[in-house]
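Participant: Can you keep this structure in mind? I'll have questions shortly.
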Amino acid sequence: KTERTDFFEKPNELSSIKKVIAVVSGKGGVGKSLVTSMLAVTMNRKGYNTAILDADVTGPSIPKAFGVHRENKGKEMSAYPPKSSTGIDIMSVNLLLEHDTDPVIWRGPIISNMVKQFWQDFVWTNVDYMFIDMPPGTGDVPLTVFQSIKVDGIIIVTSPQELVSMIVAKAVKMAQRMNVPILGLVENMSYFKCPSCNQEHKIFGESHIDQIATKYNIDVLARMPIDPKLAKVCDDGEIEFFEGSWFDHIDEILKNMEER
Ligand code: ADP
């Protein structure tokens with residue numbers, strides 16, 4: 001384990017970051033950013049100083065979900081990441097672009113360098129838990145990020161319409177290679193609860209998450225429904241004010257991680 005620290009990049013010397021949790025998925029669009037945001041919101045509500053590093057630079061949706069903008073565009077940016085209304089530190093490539101609709105068309109090495117800069121050049125003050133919204137997939141780009149930032153735990157987001165067993169197998173391999181524990185699986189878009197008949201409909205088919213969780217000995221942390229209200233708060237930049245939460249025990253899980 002001692003070798004691991006050799007190739008990790010050090011954060012800025014003024015930063016203080018206690019634990020880093022990476023959120024991964026097999027592909028884009030399964031709700032990884034939304035889960036990252038909800039995890040940060042939940043821990044922030046529980047009284048921890050929380051930060052989000054948006055490493056999903058080709059689909060950076062975190063600032064929008066929190067309604068965070070950069071006020072002095074065109075001018076040099078402060079060394080401190082912007083804070084959301086409830087005090088979550090957020091850094092994302094969208095906060096650096098002149099227009100947040102600008103596309104980001106970069107190759108892997110540039111993406112991982114950008115992420116390294118977020119980690120090194122910004123001062124993350126007093127952070128108990130930093131959540132990293134990882135680039136989608138389990139290929140080279142997320143791997144490079146894992147090789148440069150020392151991560152303490154991984155959370156995997158899946159949806160029922162995917163080849164979940166393959167994705168989990170790949171993520172498990174990646175985690176083993178990096179010697180990082182997997183803290184659990186989150187199944188997003190599991191069902192839709194009909195507001196008129198109150199029944200739960202499995203829009204994307206039956207879930208296999210339990211069998212897979214048993215196979216790999218990983219916990220299922222949450223099953224999140226498809227909820228139009230959730231999509232709306234993301235669009236309106238008000239995710240912090242969404243009342244529900246599916247991660248009531250996440251603080252205990254993160255505490256246990258520290259004792260591993
Ligand atoms: P990813 O990070 O995996 O690419 P996002 O978190 O950006 O995916 O989600 C993609 C889109 O789907 C977003 O517009 C988001 O608001 C919406 N979405 C994700 N999960 C849900 C859900 N459970 N209910 C409703 N909308 C959702």
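So you can find residues: chains in the structure tokens are A, B, ... in the order shown, residues in each start at 1, and ligands are numbered from 1 in order.
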How would you write, as a count of residues only, the set of residues no farther than 9 Å from ligand 1 when counting only C-alpha atoms and all ligand atoms?
Facilitator: 43
Participant: Can you list every residue in region 1-224 of chain A that DSSP puts in strand (DSSP E or B), as a compact mmCIF listing (two decimals) with C-alpha atoms, in the first residue's frame?
Facilitator:
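Okay, this is what ended up in selection_26.txt:
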# COMPACT_ATOMS: atom_id res chain seq x y z
CA ILE A 17 -9.26 17.13 2.01
CA LYS A 18 -9.97 14.24 4.34
CA LYS A 19 -11.67 11.64 2.14
CA VAL A 20 -12.25 11.30 -1.59
CA ILE A 21 -15.10 9.22 -3.04
CA ALA A 22 -15.25 8.54 -6.79
CA VAL A 23 -18.61 7.94 -8.48
CA VAL A 24 -18.35 5.79 -11.62
CA SER A 25 -20.68 4.36 -14.28
CA THR A 50 -18.53 18.66 1.29
CA ALA A 51 -17.06 19.28 -2.15
CA ILE A 52 -17.65 18.09 -5.69
CA LEU A 53 -14.91 17.83 -8.29
CA ASP A 54 -16.64 17.40 -11.65
CA LYS A 83 -19.66 27.55 -3.30
CA ASP A 89 -17.43 23.65 -2.95
CA ILE A 90 -17.77 22.93 -6.66
CA MET A 91 -15.25 22.87 -9.47
CA VAL A 127 -13.21 19.35 3.12
CA ASP A 128 -14.46 16.27 5.00
CA TYR A 129 -15.73 14.50 1.89
CA MET A 130 -14.94 15.26 -1.73
CA PHE A 131 -17.08 13.47 -4.32
CA ILE A 132 -15.61 13.08 -7.80
CA ASP A 133 -18.04 12.79 -10.71
CA GLY A 153 -13.71 4.59 -2.06
CA ILE A 154 -15.78 4.00 -5.19
CA ILE A 155 -19.54 4.08 -5.71
CA ILE A 156 -20.92 2.49 -8.90
CA VAL A 157 -24.08 3.82 -10.57
CA THR A 158 -26.04 1.56 -12.92
CA ILE A 182 -16.05 -0.38 -3.61
CA LEU A 183 -18.52 1.12 -1.16
CA GLY A 184 -21.65 0.05 -2.99
CA LEU A 185 -23.93 0.06 -6.00
CA VAL A 186 -26.68 2.55 -6.75
CA GLU A 187 -29.36 1.53 -9.19
CA PHE A 192 -41.49 4.85 -11.79
CA LYS A 193 -44.16 5.31 -9.18
CA GLU A 200 -44.36 0.97 -9.23
CA HIS A 201 -43.66 0.34 -12.91
CA VAL A 220 -26.76 -2.03 -2.81
CA LEU A 221 -26.82 1.48 -1.36
CA ALA A 222 -30.00 2.69 -3.04
CA ARG A 223 -32.57 2.14 -5.74
Participant: What separation in Å, quoted to one decimal, exists between CA of Pro181 (chain A) and CA of Met257 (chain A)?
Facilitator: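 Atom-to-atom, CA of Pro181 (chain A) and CA of Met257 (chain A) are spaced 8.0 Å apart.
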Participant: Measuring atom to atom with only C-alpha atoms, identify which of A:Leu143, A:Ile105, A:Met114, A:Ile149 is nearest to Gln176 (chain A).
Facilitator: A:Leu143
Participant: Which is closer to Thr42 (chain A) than all the others in A:Gln147, A:Leu14, A:Trp106, A:Ile88, using only C-alpha atoms?
Facilitator: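 Under the stated criterion, the closest residue is A:Ile88.
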Participant: Please report, as a PyMOL selection string, each residue of region 15-74 of chain A to which DSSP assigns alpha helix (DSSP H) when run on this structure's backbone.
Facilitator: chain A and resi 32-45+62-66
Participant: How would the residues just picked look written out with C-alpha atoms as an mmCIF file, in the first residue's frame?
Facilitator:
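Done, and the output landed in out.cif:
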data_model
loop_
_atom_site.group_PDB
_atom_site.id
_atom_site.type_symbol
_atom_site.label_atom_id
_atom_site.label_comp_id
_atom_site.auth_asym_id
_atom_site.auth_seq_id
_atom_site.Cartn_x
_atom_site.Cartn_y
_atom_site.Cartn_z
ATOM 1 C CA LYS A 32 -23.975 9.420 -12.303
ATOM 2 C CA SER A 33 -23.875 13.219 -11.931
ATOM 3 C CA LEU A 34 -27.239 13.243 -10.243
ATOM 4 C CA VAL A 35 -26.157 10.554 -7.775
ATOM 5 C CA THR A 36 -22.867 12.411 -7.103
ATOM 6 C CA SER A 37 -24.863 15.579 -6.406
ATOM 7 C CA MET A 38 -27.360 13.805 -4.117
ATOM 8 C CA LEU A 39 -24.520 12.144 -2.178
ATOM 9 C CA ALA A 40 -22.857 15.520 -1.617
ATOM 10 C CA VAL A 41 -26.168 17.155 -0.678
ATOM 11 C CA THR A 42 -26.939 14.368 1.810
ATOM 12 C CA MET A 43 -23.534 14.549 3.515
ATOM 13 C CA ASN A 44 -23.717 18.344 3.584
ATOM 14 C CA ARG A 45 -27.134 18.131 5.276
ATOM 15 C CA ILE A 62 -22.925 19.590 -11.841
ATOM 16 C CA PRO A 63 -22.803 23.446 -11.852
ATOM 17 C CA LYS A 64 -26.150 23.573 -13.616
ATOM 18 C CA ALA A 65 -27.822 21.241 -11.096
ATOM 19 C CA PHE A 66 -26.596 23.512 -8.266
#
Participant: Between CA of Leu163 (chain A) and CA of Asp248 (chain A), what distance in Å does the model show, to one decimal?
Facilitator: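 These two atoms are separated by 27.4 Å.
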